[in-house]
Amino acid sequence: MGWPYIGETLQMYSMDPSIFFATKQKVWRDIKTHILGCPCVMLASPEATKFVLQTHAHLFKPTYPKSKEKLIGPSAVFFHQGDYHSSLRKLIQSSLSPNPNTLQRLVPDIEALAISALESWAAAGTVINTYHEMKKFVFDVGFLAIFGRLEGTYKEKLKENYSIVDKGYNSFPTKIPGTAYHKALLARKKLGQILKQIICERKENKVLQKDLLGDLLNFQDEKGQSLTEDQISDNIIGVLFAAQDTTASVLTWILKYLHDNPDILEAVKAEQKAIYEANDKCKRPLTWAQIRDMPLTHRVTLESLRMASIISFAFREAVVDVEYKGYLIPKGWKVMPLFRNIHHNPEFFSGPQNFDPSRFEVTPKPNTFIPFGKGVHACPGNELAKLEMLILIHHLVTKFRWEVAGSQSGIQYGPFPVPRMDYQPDL
Ligand code: HEM
């Protein structure tokens, strides 16, 4: 447990987290310690992860700092447990499912956004910050899934205020005017007002649009109760947040891994060139069947998700005393299933530091590959994220070449891991 109160926080933050956990795991498979003043159990075994996130999920609640809850909105799906949570999560998942009326319908528009993003980087004729550019692309796709084709002025206003909230999200939470967090709180208020105007117009027009906003407006629980405007706004902002940095950092890693592994890049190019030729050199759009039949490219996305493990762990709190394999997890203790450690454990993935998509020719052992989480809170946007990756890779490798500028190795956190960048292009 380390020192009183501070526990092992200093060790954890002063060394590579993988080494911190690995040293402990040699002794204990699952670990208990103190992080940031909280007694905490860290779970690095697939069985314990399944126990917390799936089979005994009702004994553990998600926990987030209040300052972050305020910026997203307290009714967002990931802050909840129980009936409200499960019906909302089902709604989001079905709105983003790979069906003809949902994701399949979005393919031409996502393709257009991918092409336009790639062409703009090439036209810039200079070094770009991949992560920042990917964030813009992912944001536009998120917008599309939520609002369909939204009127330009609304889009600009939402973008502007959202980016202020985004900047303040990881800053020190204080209400002192002029600070990033305070600016973010003000921008969050404006976002709520703009979203209310959009909701109001939709209600007045009485047009049923097939997008996430349409589904949220149509929602009724088993008692016939609809969602309030605040609940809808909080969930729209929640989805945009959950989608953006996650997908953007995986896309950034994909570019880096393909760049660093020229043989794999050539094989991916060959797979994608065949589709490119079949579509008359991109004159015809990608079909759903083509996207579902990119076996190597698909394995590249899975291996990138494993290697980068951009969500390193989930964070829960025991709501009662829980017994696991004869050990007590006291009520109120934090519980962290460590996805990254499972993904990098040589027992489950041999040579875990090697980028090797062929390992996914065989299905991983149960509960060892969990980039989108598991159980009741597992990611409802995973199909959309995978779709974005496949579409972007198709257009990237068939039409463009790229080089890494500056550092060739290292990781930086922002807060998700992205390749280290010494070179700072103009933004
Ligand atoms: C590569 C991209 C992504 C990764 C790696 C990822 C990963 C995850 C993980 C691990 C969780 C579970 C967290 C936990 O158990 O505490 C989660 C939850 C969630 N994700 Fe994703 N995600 C991605 C993209 C997306 C996208 C594109 C969307 C929506 C458009 C989305 C929406 C959500 C939502 C709403 C939740 C909360 C679910 C709940 O609490 O019930 N994510 N994601």
# chains A, B, ... in the order shown; residues from 1 in each chain; ligands from 1

$ select_by_dssp --residues "stretch 90-243 of chain A" --states "alpha helix (DSSP H)" --output "MDAnalysis selection string"
chainID A and resid 90:95 103:124 130:147 152:169 180:205 212:218 229:243

$ select_by_dssp --residues "stretch 134-328 of chain A" --states "strand (DSSP E or B)" --output "count of residues only"
9

$ residues_near_ligand --ligand "ligand 1" --cutoff "6 Å" --atoms "only C-alpha atoms and all ligand atoms" --output "mmCIF file with C-alpha atoms, in the first residue's frame"
data_model
loop_
_atom_site.group_PDB
_atom_site.id
_atom_site.type_symbol
_atom_site.label_atom_id
_atom_site.label_comp_id
_atom_site.auth_asym_id
_atom_site.auth_seq_id
_atom_site.Cartn_x
_atom_site.Cartn_y
_atom_site.Cartn_z
ATOM 1 C CA VAL A 77 -24.632 8.036 -20.117
ATOM 2 C CA PHE A 78 -21.215 7.124 -18.688
ATOM 3 C CA ARG A 89 -26.704 3.001 -23.862
ATOM 4 C CA GLY A 142 -19.290 12.604 -34.854
ATOM 5 C CA VAL A 239 -20.836 11.202 -27.218
ATOM 6 C CA ALA A 242 -16.122 9.888 -25.901
ATOM 7 C CA ALA A 243 -15.605 9.696 -29.658
ATOM 8 C CA THR A 246 -10.015 8.156 -28.524
ATOM 9 C CA THR A 247 -10.552 7.637 -32.255
ATOM 10 C CA VAL A 250 -5.820 5.414 -32.600
ATOM 11 C CA ILE A 311 -7.699 3.666 -22.885
ATOM 12 C CA ALA A 314 -11.349 1.587 -16.575
ATOM 13 C CA PHE A 315 -12.144 3.300 -13.281
ATOM 14 C CA PRO A 371 -9.891 -2.088 -26.296
ATOM 15 C CA PHE A 372 -13.558 -1.046 -26.193
ATOM 16 C CA GLY A 373 -14.110 -2.220 -22.619
ATOM 17 C CA HIS A 377 -20.374 0.123 -20.067
ATOM 18 C CA ALA A 378 -18.586 -1.280 -23.145
ATOM 19 C CA CYS A 379 -18.178 1.240 -25.943
ATOM 20 C CA PRO A 380 -21.390 1.759 -27.968
ATOM 21 C CA GLY A 381 -19.410 3.632 -30.650
ATOM 22 C CA ASN A 382 -16.946 0.856 -31.513
ATOM 23 C CA LEU A 384 -18.344 3.738 -35.933
ATOM 24 C CA ALA A 385 -14.713 4.003 -34.769
#

$ residues_around --residues "A:Glu388" --least-positions-apart "6" --cutoff "10 Å" --atoms "only C-alpha atoms" --output "PDB file with C-alpha atoms, in the first residue's frame"
ATOM      1  CA  VAL A 107     -20.527   5.604 -45.490  1.00  0.00           C
ATOM      2  CA  ILE A 110     -17.685   9.644 -44.024  1.00  0.00           C
ATOM      3  CA  GLU A 111     -15.797   8.846 -47.213  1.00  0.00           C
ATOM      4  CA  LEU A 113     -14.918  13.737 -45.093  1.00  0.00           C
ATOM      5  CA  ALA A 114     -11.892  11.389 -45.210  1.00  0.00           C
ATOM      6  CA  PHE A 137     -11.862  14.608 -38.993  1.00  0.00           C
ATOM      7  CA  VAL A 138     -13.334  12.588 -36.096  1.00  0.00           C
ATOM      8  CA  VAL A 141     -17.836  12.390 -38.384  1.00  0.00           C
ATOM      9  CA  THR A 247     -10.552   7.637 -32.255  1.00  0.00           C
ATOM     10  CA  ALA A 248      -8.117  10.420 -33.196  1.00  0.00           C
ATOM     11  CA  LEU A 251      -5.836   6.877 -36.142  1.00  0.00           C
ATOM     12  CA  ASN A 382     -16.946   0.856 -31.513  1.00  0.00           C
TER      13      ASN A 382
END

$ closest_residue --among "A:Asn218, A:Ser304, A:Ser233, A:Asn341" --to "A:Gly73" --atoms "only C-alpha atoms"
A:Ser233

$ residues_around --residues "A:Phe79" --least-positions-apart "5" --cutoff "10 Å" --atoms "only C-alpha atoms" --output "list in words"
Lys61, Pro62, Thr63, Tyr64, Glu69, Ile72, Gly73, Pro74, His85, Gly238 and His377 of chain A

$ write_last_selection --atoms "C-alpha atoms" --output "PDB file, in the first residue's frame"
ATOM      1  CA  LYS A  61     -20.084   2.117 -10.196  1.00  0.00           C
ATOM      2  CA  PRO A  62     -18.231   4.328 -12.692  1.00  0.00           C
ATOM      3  CA  THR A  63     -16.497   7.236 -10.989  1.00  0.00           C
ATOM      4  CA  TYR A  64     -15.386  10.549 -12.496  1.00  0.00           C
ATOM      5  CA  GLU A  69     -19.006  15.812 -14.870  1.00  0.00           C
ATOM      6  CA  ILE A  72     -19.827  17.182 -19.993  1.00  0.00           C
ATOM      7  CA  GLY A  73     -23.181  17.331 -18.213  1.00  0.00           C
ATOM      8  CA  PRO A  74     -24.340  15.149 -15.300  1.00  0.00           C
ATOM      9  CA  HIS A  85     -28.041   4.005 -18.123  1.00  0.00           C
ATOM     10  CA  GLY A 238     -20.872  13.124 -23.944  1.00  0.00           C
ATOM     11  CA  HIS A 377     -20.374   0.123 -20.067  1.00  0.00           C
TER      12      HIS A 377
END

$ residues_around --residues "stretch 292-300 of chain A" --least-positions-apart "5" --cutoff "9 Å" --atoms "only C-alpha atoms" --output "list of chain:residue names"
A:Ile254, A:Tyr257, A:Leu258, A:Ile264, A:Ala267, A:Val268, A:Glu271, A:Gln272, A:Thr287, A:Leu305, A:Phe355, A:Asp356, A:Pro357, A:Ser358, A:Arg359, A:Phe360, A:Glu361, A:Lys386, A:Met389, A:Leu390, A:Ile393, A:His394

$ atom_distance --atom1 "atom CA of A:Gly326" --atom2 "atom CA of A:His80"
28.8 Å

$ residues_around --residues "stretch 173-184 of chain A" --least-positions-apart "5" --cutoff "9 Å" --atoms "only C-alpha atoms" --output "list in words"
Ser67, Lys68, Leu71, Asn161, Tyr162, Ser163, Ile164, Val165, Asp166, Lys167, Gly168 and Lys189 of chain A

$ residues_around --residues "A:Lys159" --least-positions-apart "5" --cutoff "10 Å" --atoms "only C-alpha atoms" --output "CSV table (one decimal) with C-alpha atoms, in the first residue's frame"
chain,number,residue,atom,x,y,z
A,136,LYS,CA,-11.0,17.6,-36.8
A,139,PHE,CA,-15.3,15.6,-34.8
A,140,ASP,CA,-16.9,16.1,-38.3
A,143,PHE,CA,-21.3,15.6,-35.9
A,153,THR,CA,-23.9,28.5,-38.7
A,154,TYR,CA,-25.0,26.1,-35.9
A,164,ILE,CA,-13.0,25.8,-25.6
A,165,VAL,CA,-14.6,23.0,-23.5
A,191,LEU,CA,-23.2,24.8,-26.0

$ atom_distance --atom1 "atom CA of A:Pro46" --atom2 "atom CA of A:Thr368"
5.7 Å

$ atom_distance --atom1 "atom CA of A:Lys196" --atom2 "atom CA of A:Glu160"
16.5 Å

$ closest_residue --among "A:Ala318, A:Ser309, A:Leu387, A:Glu277" --to "A:Phe339" --atoms "only C-alpha atoms"
A:Ser309

$ decode --residues "stretch 75-223 of chain A" --atoms "C-alpha atoms" --output "CSV table (one decimal), in the first residue's frame"
chain,number,residue,atom,x,y,z
A,75,SER,CA,-26.9,13.2,-17.3
A,76,ALA,CA,-24.4,11.8,-19.8
A,77,VAL,CA,-24.6,8.0,-20.1
A,78,PHE,CA,-21.2,7.1,-18.7
A,79,PHE,CA,-21.9,8.7,-15.3
A,80,HIS,CA,-24.8,6.4,-14.6
A,81,GLN,CA,-25.8,2.9,-13.6
A,82,GLY,CA,-29.2,1.1,-13.7
A,83,ASP,CA,-32.3,1.5,-15.9
A,84,TYR,CA,-31.5,5.1,-17.1
A,85,HIS,CA,-28.0,4.0,-18.1
A,86,SER,CA,-29.0,0.8,-19.8
A,87,SER,CA,-31.8,2.2,-21.9
A,88,LEU,CA,-29.7,5.2,-23.0
A,89,ARG,CA,-26.7,3.0,-23.9
A,90,LYS,CA,-28.9,0.7,-25.9
A,91,LEU,CA,-30.3,3.7,-27.8
A,92,ILE,CA,-26.8,5.0,-28.6
A,93,GLN,CA,-25.5,1.6,-29.6
A,94,SER,CA,-28.5,1.0,-31.9
A,95,SER,CA,-28.2,4.4,-33.4
A,96,LEU,CA,-24.5,3.6,-34.2
A,97,SER,CA,-25.0,0.0,-35.2
A,98,PRO,CA,-23.8,-1.4,-38.6
A,99,ASN,CA,-27.3,-1.6,-40.1
A,100,PRO,CA,-28.6,-0.2,-43.5
A,101,ASN,CA,-30.5,2.6,-41.8
A,102,THR,CA,-27.7,3.7,-39.5
A,103,LEU,CA,-23.9,3.4,-40.1
A,104,GLN,CA,-24.2,2.0,-43.6
A,105,ARG,CA,-26.1,5.1,-44.6
A,106,LEU,CA,-23.3,7.3,-43.4
A,107,VAL,CA,-20.5,5.6,-45.5
A,108,PRO,CA,-20.6,8.0,-48.5
A,109,ASP,CA,-20.5,11.1,-46.2
A,110,ILE,CA,-17.7,9.6,-44.0
A,111,GLU,CA,-15.8,8.8,-47.2
A,112,ALA,CA,-16.2,12.4,-48.4
A,113,LEU,CA,-14.9,13.7,-45.1
A,114,ALA,CA,-11.9,11.4,-45.2
A,115,ILE,CA,-11.0,12.4,-48.8
A,116,SER,CA,-11.4,16.1,-48.0
A,117,ALA,CA,-9.2,15.8,-44.8
A,118,LEU,CA,-6.4,13.9,-46.7
A,119,GLU,CA,-6.5,16.3,-49.6
A,120,SER,CA,-6.3,19.3,-47.3
A,121,TRP,CA,-3.2,17.9,-45.6
A,122,ALA,CA,-1.5,17.2,-49.0
A,123,ALA,CA,-2.5,20.7,-50.2
A,124,ALA,CA,-1.0,22.3,-47.1
A,125,GLY,CA,2.3,21.1,-48.6
A,126,THR,CA,3.9,21.3,-45.1
A,127,VAL,CA,4.3,19.2,-41.9
A,128,ILE,CA,1.0,18.6,-40.1
A,129,ASN,CA,0.2,17.6,-36.6
A,130,THR,CA,-1.5,14.3,-37.3
A,131,TYR,CA,-3.4,14.1,-34.0
A,132,HIS,CA,-4.8,17.6,-34.3
A,133,GLU,CA,-5.9,16.9,-37.9
A,134,MET,CA,-7.4,13.5,-36.9
A,135,LYS,CA,-9.4,15.3,-34.2
A,136,LYS,CA,-11.0,17.6,-36.8
A,137,PHE,CA,-11.9,14.6,-39.0
A,138,VAL,CA,-13.3,12.6,-36.1
A,139,PHE,CA,-15.3,15.6,-34.8
A,140,ASP,CA,-16.9,16.1,-38.3
A,141,VAL,CA,-17.8,12.4,-38.4
A,142,GLY,CA,-19.3,12.6,-34.9
A,143,PHE,CA,-21.3,15.6,-35.9
A,144,LEU,CA,-22.7,13.7,-38.9
A,145,ALA,CA,-23.7,10.8,-36.8
A,146,ILE,CA,-25.4,13.0,-34.3
A,147,PHE,CA,-27.0,15.8,-36.4
A,148,GLY,CA,-27.0,14.5,-40.0
A,149,ARG,CA,-26.4,17.5,-42.2
A,150,LEU,CA,-26.6,20.4,-39.8
A,151,GLU,CA,-26.9,24.0,-40.9
A,152,GLY,CA,-23.5,25.7,-41.3
A,153,THR,CA,-23.9,28.5,-38.7
A,154,TYR,CA,-25.0,26.1,-35.9
A,155,LYS,CA,-22.0,23.9,-36.8
A,156,GLU,CA,-19.5,26.7,-36.5
A,157,LYS,CA,-20.9,28.0,-33.2
A,158,LEU,CA,-20.9,24.5,-31.7
A,159,LYS,CA,-17.4,23.8,-33.0
A,160,GLU,CA,-16.0,27.0,-31.5
A,161,ASN,CA,-17.5,26.5,-28.0
A,162,TYR,CA,-16.8,22.8,-28.0
A,163,SER,CA,-13.1,23.4,-28.6
A,164,ILE,CA,-13.0,25.8,-25.6
A,165,VAL,CA,-14.6,23.0,-23.5
A,166,ASP,CA,-12.1,20.5,-24.9
A,167,LYS,CA,-9.1,22.8,-24.0
A,168,GLY,CA,-10.4,23.3,-20.4
A,169,TYR,CA,-11.3,19.6,-19.8
A,170,ASN,CA,-7.9,18.6,-18.5
A,171,SER,CA,-6.9,21.9,-16.9
A,172,PHE,CA,-7.0,22.6,-13.1
A,173,PRO,CA,-10.6,23.0,-12.0
A,174,THR,CA,-11.1,26.5,-10.6
A,175,LYS,CA,-13.8,29.2,-11.0
A,176,ILE,CA,-11.2,32.0,-11.3
A,177,PRO,CA,-12.2,34.1,-14.4
A,178,GLY,CA,-9.7,33.8,-17.2
A,179,THR,CA,-8.5,30.3,-16.4
A,180,ALA,CA,-9.0,27.5,-19.0
A,181,TYR,CA,-11.4,25.7,-16.8
A,182,HIS,CA,-13.6,28.8,-16.2
A,183,LYS,CA,-13.7,29.6,-19.9
A,184,ALA,CA,-14.7,26.0,-20.5
A,185,LEU,CA,-17.6,26.3,-18.0
A,186,LEU,CA,-18.8,29.4,-19.9
A,187,ALA,CA,-18.5,27.7,-23.3
A,188,ARG,CA,-20.3,24.6,-21.9
A,189,LYS,CA,-23.3,26.9,-21.0
A,190,LYS,CA,-23.3,28.3,-24.5
A,191,LEU,CA,-23.2,24.8,-26.0
A,192,GLY,CA,-26.3,23.9,-23.9
A,193,GLN,CA,-28.1,27.0,-25.3
A,194,ILE,CA,-27.2,26.3,-28.9
A,195,LEU,CA,-28.3,22.7,-28.5
A,196,LYS,CA,-31.6,23.8,-27.1
A,197,GLN,CA,-32.2,26.0,-30.2
A,198,ILE,CA,-31.5,23.0,-32.5
A,199,ILE,CA,-33.8,20.7,-30.4
A,200,CYS,CA,-36.5,23.4,-30.5
A,201,GLU,CA,-36.3,23.7,-34.3
A,202,ARG,CA,-36.4,19.9,-34.7
A,203,LYS,CA,-39.5,19.7,-32.5
A,204,GLU,CA,-41.2,22.6,-34.4
A,205,ASN,CA,-40.5,21.1,-37.9
A,206,LYS,CA,-41.8,17.7,-36.8
A,207,VAL,CA,-39.4,16.1,-39.3
A,208,LEU,CA,-38.2,12.7,-38.1
A,209,GLN,CA,-34.5,12.6,-38.9
A,210,LYS,CA,-32.6,9.3,-38.7
A,211,ASP,CA,-29.6,10.4,-36.6
A,212,LEU,CA,-28.6,10.2,-33.0
A,213,LEU,CA,-30.4,13.5,-32.1
A,214,GLY,CA,-33.6,12.1,-33.8
A,215,ASP,CA,-33.3,8.9,-31.8
A,216,LEU,CA,-32.8,10.8,-28.5
A,217,LEU,CA,-35.8,13.0,-29.3
A,218,ASN,CA,-38.0,9.9,-30.0
A,219,PHE,CA,-36.9,8.1,-26.9
A,220,GLN,CA,-39.5,7.0,-24.3
A,221,ASP,CA,-38.8,4.7,-21.3
A,222,GLU,CA,-41.2,1.9,-20.3
A,223,LYS,CA,-43.3,4.5,-18.4
